[in-house]
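Data from work-v3.csv: CSV, N, CA and C atoms
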chain,number,residue,atom,x,y,z
W,10,MET,N,18.6,-12.1,11.9
W,10,MET,CA,18.4,-10.7,11.5
W,10,MET,C,18.5,-9.9,12.7
W,11,SER,N,19.3,-8.8,12.6
W,11,SER,CA,19.5,-7.9,13.7
W,11,SER,C,18.5,-6.7,13.6
W,12,ASP,N,18.4,-6.0,14.7
W,12,ASP,CA,17.5,-4.8,14.7
W,12,ASP,C,17.9,-3.8,13.6
W,13,SER,N,19.2,-3.7,13.3
W,13,SER,CA,19.6,-2.6,12.4
W,13,SER,C,19.4,-3.0,10.9
W,14,ASP,N,19.1,-4.2,10.6
W,14,ASP,CA,19.0,-4.6,9.2
W,14,ASP,C,17.5,-4.6,8.7
W,15,LEU,N,16.6,-4.2,9.5
W,15,LEU,CA,15.2,-4.2,9.0
W,15,LEU,C,15.0,-3.2,7.9
W,16,LEU,N,15.5,-1.9,8.1
W,16,LEU,CA,15.3,-0.9,7.1
W,16,LEU,C,16.1,-1.3,5.8
W,17,PRO,N,17.3,-1.7,5.9
W,17,PRO,CA,18.0,-2.1,4.6
W,17,PRO,C,17.3,-3.3,3.9
W,18,ARG,N,16.7,-4.2,4.7
W,18,ARG,CA,16.0,-5.3,4.0
W,18,ARG,C,14.8,-4.8,3.3
W,19,PHE,N,14.0,-4.0,3.9
W,19,PHE,CA,12.8,-3.5,3.2
W,19,PHE,C,13.2,-2.5,2.0
W,20,THR,N,14.3,-1.8,2.2
W,20,THR,CA,14.8,-1.0,1.1
W,20,THR,C,15.2,-1.8,-0.1
W,21,ALA,N,15.9,-2.9,0.1
W,21,ALA,CA,16.3,-3.9,-0.9
W,21,ALA,C,15.1,-4.5,-1.6
W,22,MET,N,14.1,-4.8,-0.7
W,22,MET,CA,12.8,-5.4,-1.3
W,22,MET,C,12.2,-4.4,-2.2
W,23,ALA,N,12.2,-3.1,-1.8
W,23,ALA,CA,11.6,-2.0,-2.6
W,23,ALA,C,12.3,-1.9,-4.0
W,24,GLN,N,13.6,-2.0,-3.9
W,24,GLN,CA,14.4,-2.0,-5.2
W,24,GLN,C,14.1,-3.2,-6.1
W,25,ALA,N,14.0,-4.4,-5.4
W,25,ALA,CA,13.7,-5.6,-6.2
W,25,ALA,C,12.3,-5.5,-6.8
W,26,LEU,N,11.4,-4.9,-6.1
W,26,LEU,CA,10.0,-4.7,-6.6
W,26,LEU,C,10.0,-4.0,-8.0
W,27,SER,N,10.9,-3.0,-8.1
W,27,SER,CA,10.9,-2.2,-9.4
W,27,SER,C,11.3,-3.1,-10.6
W,28,GLY,N,11.9,-4.2,-10.4
W,28,GLY,CA,12.3,-5.1,-11.5
W,28,GLY,C,11.3,-6.2,-11.8
W,29,LYS,N,10.2,-6.2,-11.1
W,29,LYS,CA,9.2,-7.3,-11.3
W,29,LYS,C,8.0,-6.8,-12.1
W,30,ALA,N,8.0,-7.1,-13.3
W,30,ALA,CA,6.9,-6.6,-14.2
W,30,ALA,C,5.5,-7.1,-13.7
W,31,HIS,N,5.4,-8.4,-13.3
W,31,HIS,CA,4.1,-8.9,-12.9
W,31,HIS,C,3.6,-8.2,-11.6
W,32,LEU,N,4.5,-7.8,-10.7
W,32,LEU,CA,4.1,-7.1,-9.6
W,32,LEU,C,3.7,-5.6,-9.9
W,33,ALA,N,4.3,-5.1,-10.9
W,33,ALA,CA,3.9,-3.7,-11.4
W,33,ALA,C,2.5,-3.8,-11.9
W,34,ARG,N,2.1,-4.8,-12.6
W,34,ARG,CA,0.7,-5.0,-13.0
W,34,ARG,C,-0.2,-5.2,-11.9
W,35,LEU,N,0.2,-6.1,-10.9
W,35,LEU,CA,-0.7,-6.4,-9.8
W,35,LEU,C,-0.9,-5.2,-8.9
W,36,GLY,N,0.1,-4.3,-8.7
W,36,GLY,CA,0.1,-3.2,-7.8
W,36,GLY,C,-0.3,-1.9,-8.5
W,37,ALA,N,-0.7,-1.9,-9.8
W,37,ALA,CA,-0.9,-0.7,-10.5
W,37,ALA,C,-2.0,0.2,-9.8
W,38,LEU,N,-2.9,-0.3,-9.1
W,38,LEU,CA,-3.9,0.5,-8.4
W,38,LEU,C,-3.7,0.6,-7.0
W,39,PHE,N,-2.6,0.2,-6.5
W,39,PHE,CA,-2.3,0.2,-5.0
W,39,PHE,C,-1.4,1.5,-4.7
W,40,SER,N,-2.0,2.4,-4.0
W,40,SER,CA,-1.3,3.6,-3.6
W,40,SER,C,-1.7,3.9,-2.2
W,41,GLU,N,-1.0,3.3,-1.2
W,41,GLU,CA,-1.3,3.4,0.2
W,41,GLU,C,0.0,3.4,1.0
W,42,THR,N,-0.2,3.8,2.3
W,42,THR,CA,0.9,3.6,3.2
W,42,THR,C,0.6,2.4,4.1
W,43,VAL,N,1.6,1.6,4.3
W,43,VAL,CA,1.4,0.4,5.1
W,43,VAL,C,2.4,0.4,6.2
W,44,LEU,N,1.9,0.1,7.4
W,44,LEU,CA,2.8,0.0,8.6
W,44,LEU,C,3.3,-1.4,8.8
W,45,ILE,N,4.6,-1.6,8.9
W,45,ILE,CA,5.2,-2.9,9.3
W,45,ILE,C,5.8,-2.6,10.6
W,46,GLU,N,5.4,-3.4,11.6
W,46,GLU,CA,5.9,-3.2,13.0
W,46,GLU,C,6.5,-4.6,13.4
W,47,VAL,N,7.8,-4.6,13.7
W,47,VAL,CA,8.5,-5.8,14.1
W,47,VAL,C,9.1,-5.5,15.4
W,48,ASP,N,8.6,-6.2,16.4
W,48,ASP,CA,9.1,-6.0,17.8
W,48,ASP,C,9.1,-4.5,18.2
W,49,GLY,N,8.1,-3.8,17.9
W,49,GLY,CA,8.1,-2.4,18.2
W,49,GLY,C,8.8,-1.4,17.3
W,50,GLU,N,9.6,-1.9,16.4
W,50,GLU,CA,10.3,-1.1,15.4
W,50,GLU,C,9.3,-0.9,14.2
W,51,GLU,N,9.0,0.4,13.9
W,51,GLU,CA,8.0,0.7,12.9
W,51,GLU,C,8.6,1.2,11.6
W,52,LEU,N,8.1,0.6,10.5
W,52,LEU,CA,8.5,1.1,9.2
W,52,LEU,C,7.2,1.4,8.4
W,53,TYR,N,7.1,2.6,7.8
W,53,TYR,CA,6.0,3.0,7.0
W,53,TYR,C,6.4,2.9,5.6
W,54,LEU,N,5.8,2.0,4.8
W,54,LEU,CA,6.1,1.8,3.4
W,54,LEU,C,5.1,2.6,2.6
W,55,HIS,N,5.5,3.6,1.9
W,55,HIS,CA,4.7,4.4,1.1
W,55,HIS,C,4.7,3.9,-0.4
W,56,PHE,N,3.6,3.3,-0.8
W,56,PHE,CA,3.4,2.8,-2.1
W,56,PHE,C,2.6,3.8,-3.0
W,57,HIS,N,3.1,3.9,-4.2
W,57,HIS,CA,2.3,4.7,-5.2
W,57,HIS,C,2.3,3.9,-6.5
W,58,ARG,N,1.1,3.5,-6.9
W,58,ARG,CA,0.9,2.7,-8.1
W,58,ARG,C,1.8,1.4,-8.1
W,59,GLY,N,1.9,0.8,-7.0
W,59,GLY,CA,2.6,-0.5,-6.9
W,59,GLY,C,4.1,-0.4,-6.7
W,60,ALA,N,4.6,0.9,-6.6
W,60,ALA,CA,6.1,1.0,-6.3
W,60,ALA,C,6.2,1.7,-5.0
W,61,VAL,N,7.3,1.3,-4.3
W,61,VAL,CA,7.6,1.9,-3.0
W,61,VAL,C,8.3,3.2,-3.3
W,62,GLU,N,7.6,4.3,-2.9
W,62,GLU,CA,8.1,5.7,-3.1
W,62,GLU,C,9.0,6.1,-2.0
W,63,GLY,N,8.8,5.5,-0.8
W,63,GLY,CA,9.6,5.9,0.3
W,63,GLY,C,9.3,5.0,1.5
W,64,ILE,N,10.3,5.0,2.4
W,64,ILE,CA,10.1,4.2,3.7
W,64,ILE,C,10.5,5.2,4.8
W,65,THR,N,9.6,5.3,5.7
W,65,THR,CA,9.8,6.2,6.9
W,65,THR,C,9.9,5.4,8.1
W,66,THR,N,10.9,5.7,9.0
W,66,THR,CA,11.0,4.9,10.2
W,66,THR,C,10.1,5.6,11.3
W,67,GLY,N,9.6,4.8,12.2
W,67,GLY,CA,8.8,5.3,13.3
W,67,GLY,C,9.5,5.2,14.6
W,68,PRO,N,8.8,5.3,15.7
W,68,PRO,CA,7.3,5.4,15.7
W,68,PRO,C,6.8,6.8,15.4
W,69,SER,N,5.6,6.9,14.9
W,69,SER,CA,5.0,8.2,14.6
W,69,SER,C,3.5,8.0,14.7
W,70,ARG,N,2.9,8.9,15.4
W,70,ARG,CA,1.4,9.0,15.4
W,70,ARG,C,0.8,9.9,14.4
W,71,LYS,N,1.7,10.6,13.6
W,71,LYS,CA,1.3,11.5,12.6
W,71,LYS,C,1.2,11.0,11.2
W,72,ILE,N,1.7,9.8,11.0
W,72,ILE,CA,1.7,9.2,9.6
W,72,ILE,C,0.5,8.3,9.5
W,73,PRO,N,-0.5,8.6,8.7
W,73,PRO,CA,-1.6,7.8,8.5
W,73,PRO,C,-1.3,6.5,7.7
W,74,TRP,N,-1.8,5.4,8.1
W,74,TRP,CA,-1.6,4.2,7.4
W,74,TRP,C,-2.9,3.5,7.1
W,75,CYS,N,-2.9,2.7,6.0
W,75,CYS,CA,-4.1,2.0,5.6
W,75,CYS,C,-4.3,0.7,6.4
W,76,PHE,N,-3.3,-0.1,6.4
W,76,PHE,CA,-3.3,-1.3,7.2
W,76,PHE,C,-1.9,-1.6,7.8
W,77,ALA,N,-1.9,-2.4,8.8
W,77,ALA,CA,-0.6,-2.7,9.5
W,77,ALA,C,-0.4,-4.2,9.7
W,78,ILE,N,0.8,-4.6,9.6
W,78,ILE,CA,1.2,-6.0,9.9
W,78,ILE,C,2.2,-5.8,11.1
W,79,ARG,N,1.8,-6.4,12.2
W,79,ARG,CA,2.6,-6.4,13.4
W,79,ARG,C,3.0,-7.8,13.7
W,80,VAL,N,4.3,-8.0,13.8
W,80,VAL,CA,4.8,-9.4,14.0
W,80,VAL,C,6.1,-9.3,14.8
W,81,ASP,N,6.4,-10.5,15.4
W,81,ASP,CA,7.7,-10.5,16.1
W,81,ASP,C,8.8,-10.9,15.2
W,82,ARG,N,10.0,-10.5,15.5
W,82,ARG,CA,11.2,-10.7,14.7
W,82,ARG,C,11.5,-12.2,14.4
W,83,ALA,N,11.3,-13.1,15.3
W,83,ALA,CA,11.6,-14.5,15.1
W,83,ALA,C,10.6,-15.0,14.1
W,84,ALA,N,9.4,-14.6,14.1
W,84,ALA,CA,8.4,-15.1,13.2
W,84,ALA,C,8.7,-14.6,11.8
W,85,LEU,N,9.1,-13.3,11.7
W,85,LEU,CA,9.5,-12.8,10.4
W,85,LEU,C,10.7,-13.4,9.8
W,86,ASP,N,11.7,-13.8,10.7
W,86,ASP,CA,12.9,-14.5,10.2
W,86,ASP,C,12.4,-15.9,9.6
W,87,LYS,N,11.5,-16.5,10.3
W,87,LYS,CA,11.0,-17.8,9.8
W,87,LYS,C,10.3,-17.6,8.4
W,88,TYR,N,9.5,-16.6,8.3
W,88,TYR,CA,8.8,-16.3,7.1
W,88,TYR,C,9.7,-16.1,5.9
W,89,TRP,N,10.8,-15.4,6.2
W,89,TRP,CA,11.8,-15.1,5.1
W,89,TRP,C,12.7,-16.2,4.8
W,90,GLN,N,12.6,-17.4,5.4
W,90,GLN,CA,13.4,-18.5,5.0
W,90,GLN,C,13.1,-18.9,3.6
W,91,PRO,N,14.0,-19.5,2.8
W,91,PRO,CA,13.7,-19.8,1.4
W,91,PRO,C,12.5,-20.8,1.3
W,92,ILE,N,12.4,-21.7,2.2
W,92,ILE,CA,11.2,-22.6,2.3
W,92,ILE,C,10.7,-22.5,3.7
W,93,PRO,N,9.8,-21.6,4.0
W,93,PRO,CA,9.3,-21.5,5.4
W,93,PRO,C,8.6,-22.7,5.9
W,94,GLU,N,8.7,-22.9,7.2
W,94,GLU,CA,7.9,-24.0,7.8
W,94,GLU,C,6.4,-23.6,7.9
W,95,ALA,N,5.6,-24.7,8.1
W,95,ALA,CA,4.2,-24.5,8.2
W,95,ALA,C,3.8,-23.4,9.3
W,96,GLY,N,2.9,-22.6,9.0
W,96,GLY,CA,2.5,-21.5,9.9
W,96,GLY,C,3.3,-20.2,9.7
W,97,PHE,N,4.4,-20.3,8.9
W,97,PHE,CA,5.2,-19.1,8.7
W,97,PHE,C,5.3,-18.8,7.2
W,98,HIS,N,4.6,-19.5,6.4
W,98,HIS,CA,4.7,-19.4,4.9
W,98,HIS,C,3.8,-18.2,4.3
W,99,ASP,N,3.0,-17.6,5.2
W,99,ASP,CA,2.0,-16.6,4.7
W,99,ASP,C,1.8,-15.6,5.8
W,100,ILE,N,1.5,-14.4,5.4
W,100,ILE,CA,1.3,-13.3,6.4
W,100,ILE,C,0.1,-13.6,7.3
W,101,PHE,N,-0.9,-14.4,6.8
W,101,PHE,CA,-2.0,-14.8,7.7
W,101,PHE,C,-1.6,-15.9,8.7
W,102,GLY,N,-0.5,-16.5,8.4
W,102,GLY,CA,0.0,-17.5,9.3
W,102,GLY,C,0.5,-16.9,10.6
W,103,PHE,N,1.0,-15.6,10.6
W,103,PHE,CA,1.4,-14.9,11.8
W,103,PHE,C,0.2,-14.8,12.7
W,104,VAL,N,-0.9,-14.5,12.2
W,104,VAL,CA,-2.2,-14.4,13.0
W,104,VAL,C,-2.6,-15.7,13.6
W,105,LYS,N,-2.6,-16.7,12.7
W,105,LYS,CA,-3.1,-18.0,13.1
W,105,LYS,C,-2.2,-18.6,14.2
W,106,THR,N,-0.9,-18.4,14.1
W,106,THR,CA,0.0,-19.0,15.1
W,106,THR,C,0.1,-18.0,16.4
W,107,GLY,N,-0.6,-16.9,16.3
W,107,GLY,CA,-0.5,-16.0,17.5
W,107,GLY,C,0.8,-15.1,17.5
W,108,ARG,N,1.5,-15.1,16.4
W,108,ARG,CA,2.8,-14.4,16.4
W,108,ARG,C,2.7,-13.0,15.8
W,109,GLY,N,1.5,-12.6,15.3
W,109,GLY,CA,1.3,-11.3,14.7
W,109,GLY,C,-0.1,-10.9,14.6
W,110,ARG,N,-0.3,-9.6,14.2
W,110,ARG,CA,-1.7,-9.1,14.0
W,110,ARG,C,-1.7,-8.3,12.7
W,111,ILE,N,-2.9,-8.3,12.1
W,111,ILE,CA,-3.2,-7.5,10.9
W,111,ILE,C,-4.3,-6.5,11.4
W,112,GLU,N,-4.0,-5.2,11.2
W,112,GLU,CA,-5.0,-4.2,11.6
W,112,GLU,C,-5.3,-3.2,10.5
W,113,GLY,N,-6.4,-2.5,10.7
W,113,GLY,CA,-6.7,-1.4,9.7
W,113,GLY,C,-7.7,-1.9,8.7
W,114,ASP,N,-7.5,-1.3,7.5
W,114,ASP,CA,-8.5,-1.5,6.4
W,114,ASP,C,-8.2,-2.9,5.7
W,115,ILE,N,-8.8,-3.9,6.3
W,115,ILE,CA,-8.6,-5.2,5.8
W,115,ILE,C,-9.1,-5.4,4.3
W,116,LEU,N,-10.1,-4.7,4.0
W,116,LEU,CA,-10.6,-4.7,2.6
W,116,LEU,C,-9.6,-4.3,1.6
W,117,THR,N,-8.9,-3.2,1.9
W,117,THR,CA,-7.8,-2.8,1.0
W,117,THR,C,-6.7,-3.9,0.9
W,118,LEU,N,-6.4,-4.5,2.0
W,118,LEU,CA,-5.4,-5.6,2.0
W,118,LEU,C,-5.9,-6.7,1.1
W,119,VAL,N,-7.1,-7.1,1.3
W,119,VAL,CA,-7.7,-8.3,0.5
W,119,VAL,C,-7.7,-7.9,-1.0
W,120,LYS,N,-8.1,-6.7,-1.3
W,120,LYS,CA,-8.2,-6.3,-2.7
W,120,LYS,C,-6.8,-6.3,-3.4
W,121,ASN,N,-5.8,-6.2,-2.6
W,121,ASN,CA,-4.4,-6.1,-3.2
W,121,ASN,C,-3.5,-7.3,-2.6
W,122,LEU,N,-4.2,-8.3,-2.2
W,122,LEU,CA,-3.5,-9.4,-1.4
W,122,LEU,C,-2.4,-10.0,-2.2
W,123,ARG,N,-2.6,-10.4,-3.4
W,123,ARG,CA,-1.5,-11.0,-4.2
W,123,ARG,C,-0.3,-10.1,-4.3
W,124,PHE,N,-0.6,-8.9,-4.6
W,124,PHE,CA,0.5,-7.9,-4.7
W,124,PHE,C,1.3,-7.8,-3.4
W,125,PHE,N,0.6,-7.6,-2.3
W,125,PHE,CA,1.3,-7.4,-1.0
W,125,PHE,C,2.0,-8.7,-0.5
W,126,LYS,N,1.3,-9.8,-0.7
W,126,LYS,CA,2.0,-11.1,-0.3
W,126,LYS,C,3.2,-11.3,-1.1
W,127,ASP,N,3.2,-11.1,-2.4
W,127,ASP,CA,4.3,-11.2,-3.3
W,127,ASP,C,5.4,-10.2,-2.9
W,128,PHE,N,5.1,-9.0,-2.6
W,128,PHE,CA,6.1,-8.0,-2.1
W,128,PHE,C,6.8,-8.5,-0.9
W,129,MET,N,6.0,-9.0,0.1
W,129,MET,CA,6.6,-9.4,1.4
W,129,MET,C,7.5,-10.6,1.1
W,130,ALA,N,7.1,-11.5,0.2
W,130,ALA,CA,8.0,-12.7,-0.1
W,130,ALA,C,9.3,-12.3,-0.8
W,131,LEU,N,9.4,-11.1,-1.3
W,131,LEU,CA,10.7,-10.7,-1.9
W,131,LEU,C,11.9,-10.8,-0.9
W,132,GLY,N,11.6,-10.8,0.4
W,132,GLY,CA,12.6,-10.9,1.4
W,132,GLY,C,13.2,-12.3,1.4
W,133,ARG,N,12.5,-13.3,0.7
W,133,ARG,CA,13.0,-14.6,0.7
W,133,ARG,C,14.0,-14.8,-0.5
W,134,GLU,N,14.1,-13.9,-1.4
W,134,GLU,CA,14.9,-14.1,-2.6
W,134,GLU,C,16.4,-14.2,-2.2
W,135,PRO,N,17.2,-15.0,-2.8
W,135,PRO,CA,18.6,-15.2,-2.5
W,135,PRO,C,19.5,-14.1,-3.0
W,136,ASP,N,18.9,-12.9,-3.4
W,136,ASP,CA,19.7,-11.8,-3.9
W,136,ASP,C,20.6,-11.3,-2.8
W,137,ARG,N,21.9,-11.1,-3.1
W,137,ARG,CA,22.8,-10.7,-2.0
W,137,ARG,C,22.5,-9.4,-1.4
W,138,GLU,N,21.9,-8.5,-2.2
W,138,GLU,CA,21.5,-7.2,-1.6
W,138,GLU,C,20.4,-7.3,-0.6
W,139,ILE,N,19.5,-8.3,-0.8
W,139,ILE,CA,18.4,-8.4,0.1
W,139,ILE,C,18.8,-9.1,1.4
W,140,THR,N,19.6,-10.2,1.3
W,140,THR,CA,19.9,-11.0,2.4
W,140,THR,C,21.2,-10.5,3.1
W,141,ALA,N,21.9,-9.6,2.6
W,141,ALA,CA,23.2,-9.1,3.2
W,141,ALA,C,22.9,-8.4,4.5
Could you spell out this file's structure in structure tokens?
Amino acid sequence: MSDSDLLPRFTAMAQALSGKAHLARLGALFSETVLIEVDGEELYLHFHRGAVEGITTGPSRKIPWCFAIRVDRAALDKYWQPIPEAGFHDIFGFVKTGRGRIEGDILTLVKNLRFFKDFMALGREPDREITA
């Protein structure tokens, strides 16, 4: 994955999210902004009732976020493999292996954990639009 394909990947994941009825139910009460930082490149995902309403690129100190996932690109590449290796199968694996951090309102993350983990896993789908 190159630096320039992070935004298109998350945009494709946001589009894929709209077609997942079970994720619409899981995320129905989730309306927050989440910061994803990969090797210093920041993306702010704006969720409203479980749908991604927009993605803003950073860095920005003016955009408030609820929680942040900070990870290195190599770890994220491993996470997005169709069958990730141990330690890279879960967002908490980034923290356990020392390859990432989770910051901010952890309670909100935990309350919406299944939704957010399933959203992040959309990057694993073999959809041409997502992996292109």
Helix (DSSP H, G or I) positions in chain W, given as a PyMOL selection string: chain W and resi 12-26+30-35+82-88+100-105+115-120+122-133+137-140
Could you tell me how far atom CA of W:Leu38 sits from atom CA of W:Asp86, in Å to one decimal place? 29.2 Å
For the strand (DSSP E) assignment from backbone DSSP, which residues of chain W qualify? Please present them as number ranges by chain. W: 42-47, 50-57, 60-66, 76-80, 109-113
Rank W:Arg82, W:Tyr88, W:Arg58, W:Phe101 by their smallest atom-to-atom distance to W:Ala33, using all atoms listed in the file, and report the top residue only. W:Arg58
For a test of reading the model, state the distance in Å between atom CA of W:Ala23 and atom N of W:Phe56, rounded to one decimal.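 Going from atom CA of W:Ala23 over to atom N of W:Phe56 covers 9.8 Å.
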Close residues, W:Lys87 itself excluded, 8 Å, all atoms listed in the file, min 5 positions apart in chain, as a ChimeraX atom specification: /W:81-82,92-94,96-99
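We find atom CA of W:Leu35 and atom CA of W:Lys120 to be spaced 10.3 Å apart.
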From the list W:Ala30, W:Ala37, W:Leu122, W:Thr66, which residue is nearest W:Glu51 when using all atoms listed in the file?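 For W:Glu51, the nearest of the candidates is W:Thr66.
Ranking W:Arg110, W:Gly36, W:Gln24, W:Leu15 by their shortest atom-to-atom distance to W:Arg123, with only N, CA and C atoms included, puts W:Gly36 first.
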Point (16.9, 4.4, 6.0) neighbourhood (7 Å, only N, CA and C atoms) written as a PyMOL selection string: chain W and resi 16-17+64+66
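Counting all atoms listed in the file, the residue from W:Ile111, W:Ile100, W:Leu26, W:Leu44 that sits nearest to W:Cys75 is W:Leu44.
Residues surrounding W:Gly113 within 7 Å are Trp74, Cys75, Phe76 and Ala77 of chain W [all atoms listed in the file; sequence separation below 4 positions excluded].
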Determine, counting only N, CA and C atoms, which protein, DNA and RNA residues have an atom within 8 Å of an atom of W:Gly109; residues of the same chain fewer than 3 positions away are not included. Present the result as a PDB file with N, CA and C atoms, keeping the file's coordinate frame.
ATOM      1  N   ILE W  78       0.800  -4.600   9.600  1.00  0.00           N
ATOM      2  CA  ILE W  78       1.200  -6.000   9.900  1.00  0.00           C
ATOM      3  C   ILE W  78       2.200  -5.800  11.100  1.00  0.00           C
ATOM      4  N   ARG W  79       1.800  -6.400  12.200  1.00  0.00           N
ATOM      5  CA  ARG W  79       2.600  -6.400  13.400  1.00  0.00           C
ATOM      6  C   ARG W  79       3.000  -7.800  13.700  1.00  0.00           C
ATOM      7  N   VAL W  80       4.300  -8.000  13.800  1.00  0.00           N
ATOM      8  CA  VAL W  80       4.800  -9.400  14.000  1.00  0.00           C
ATOM      9  C   VAL W  80       6.100  -9.300  14.800  1.00  0.00           C
ATOM     10  N   ASP W  81       6.400 -10.500  15.400  1.00  0.00           N
ATOM     11  CA  ASP W  81       7.700 -10.500  16.100  1.00  0.00           C
ATOM     12  C   ASP W  81       8.800 -10.900  15.200  1.00  0.00           C
ATOM     13  N   ALA W  84       9.400 -14.600  14.100  1.00  0.00           N
ATOM     14  CA  ALA W  84       8.400 -15.100  13.200  1.00  0.00           C
ATOM     15  C   ALA W  84       8.700 -14.600  11.800  1.00  0.00           C
ATOM     16  N   ILE W 100       1.500 -14.400   5.400  1.00  0.00           N
ATOM     17  CA  ILE W 100       1.300 -13.300   6.400  1.00  0.00           C
ATOM     18  C   ILE W 100       0.100 -13.600   7.300  1.00  0.00           C
ATOM     19  N   PHE W 101      -0.900 -14.400   6.800  1.00  0.00           N
ATOM     20  CA  PHE W 101      -2.000 -14.800   7.700  1.00  0.00           C
ATOM     21  C   PHE W 101      -1.600 -15.900   8.700  1.00  0.00           C
ATOM     22  N   GLY W 102      -0.500 -16.500   8.400  1.00  0.00           N
ATOM     23  CA  GLY W 102       0.000 -17.500   9.300  1.00  0.00           C
ATOM     24  C   GLY W 102       0.500 -16.900  10.600  1.00  0.00           C
ATOM     25  N   PHE W 103       1.000 -15.600  10.600  1.00  0.00           N
ATOM     26  CA  PHE W 103       1.400 -14.900  11.800  1.00  0.00           C
ATOM     27  C   PHE W 103       0.200 -14.800  12.700  1.00  0.00           C
ATOM     28  N   VAL W 104      -0.900 -14.500  12.200  1.00  0.00           N
ATOM     29  CA  VAL W 104      -2.200 -14.400  13.000  1.00  0.00           C
ATOM     30  C   VAL W 104      -2.600 -15.700  13.600  1.00  0.00           C
ATOM     31  N   LYS W 105      -2.600 -16.700  12.700  1.00  0.00           N
ATOM     32  CA  LYS W 105      -3.100 -18.000  13.100  1.00  0.00           C
ATOM     33  C   LYS W 105      -2.200 -18.600  14.200  1.00  0.00           C
ATOM     34  N   THR W 106      -0.900 -18.400  14.100  1.00  0.00           N
ATOM     35  CA  THR W 106       0.000 -19.000  15.100  1.00  0.00           C
ATOM     36  C   THR W 106       0.100 -18.000  16.400  1.00  0.00           C
ATOM     37  N   GLU W 112      -4.000  -5.200  11.200  1.00  0.00           N
ATOM     38  CA  GLU W 112      -5.000  -4.200  11.600  1.00  0.00           C
ATOM     39  C   GLU W 112      -5.300  -3.200  10.500  1.00  0.00           C
TER      40      GLU W 112
END
My list of candidates is W:Glu50, W:Glu134, W:Asp127, W:Asp114. Which is closest to W:Pro91 when distances are computed with only C-alpha atoms?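 The closest residue to W:Pro91 is W:Glu134.
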Can you list, as a ChimeraX atom specification, every protein, DNA or RNA residue that comes within 10 Å of W:Val61 when you count only C-alpha atoms, leaving out same-chain residues fewer than 6 positions away? /W:19-20,22-24,26-27,40-42,54-55
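Restricting the calculation to all atoms listed in the file, the smallest distance between W:Phe39 and any of W:Phe125, W:Ala25, W:His57, W:Val119 is found for W:His57.
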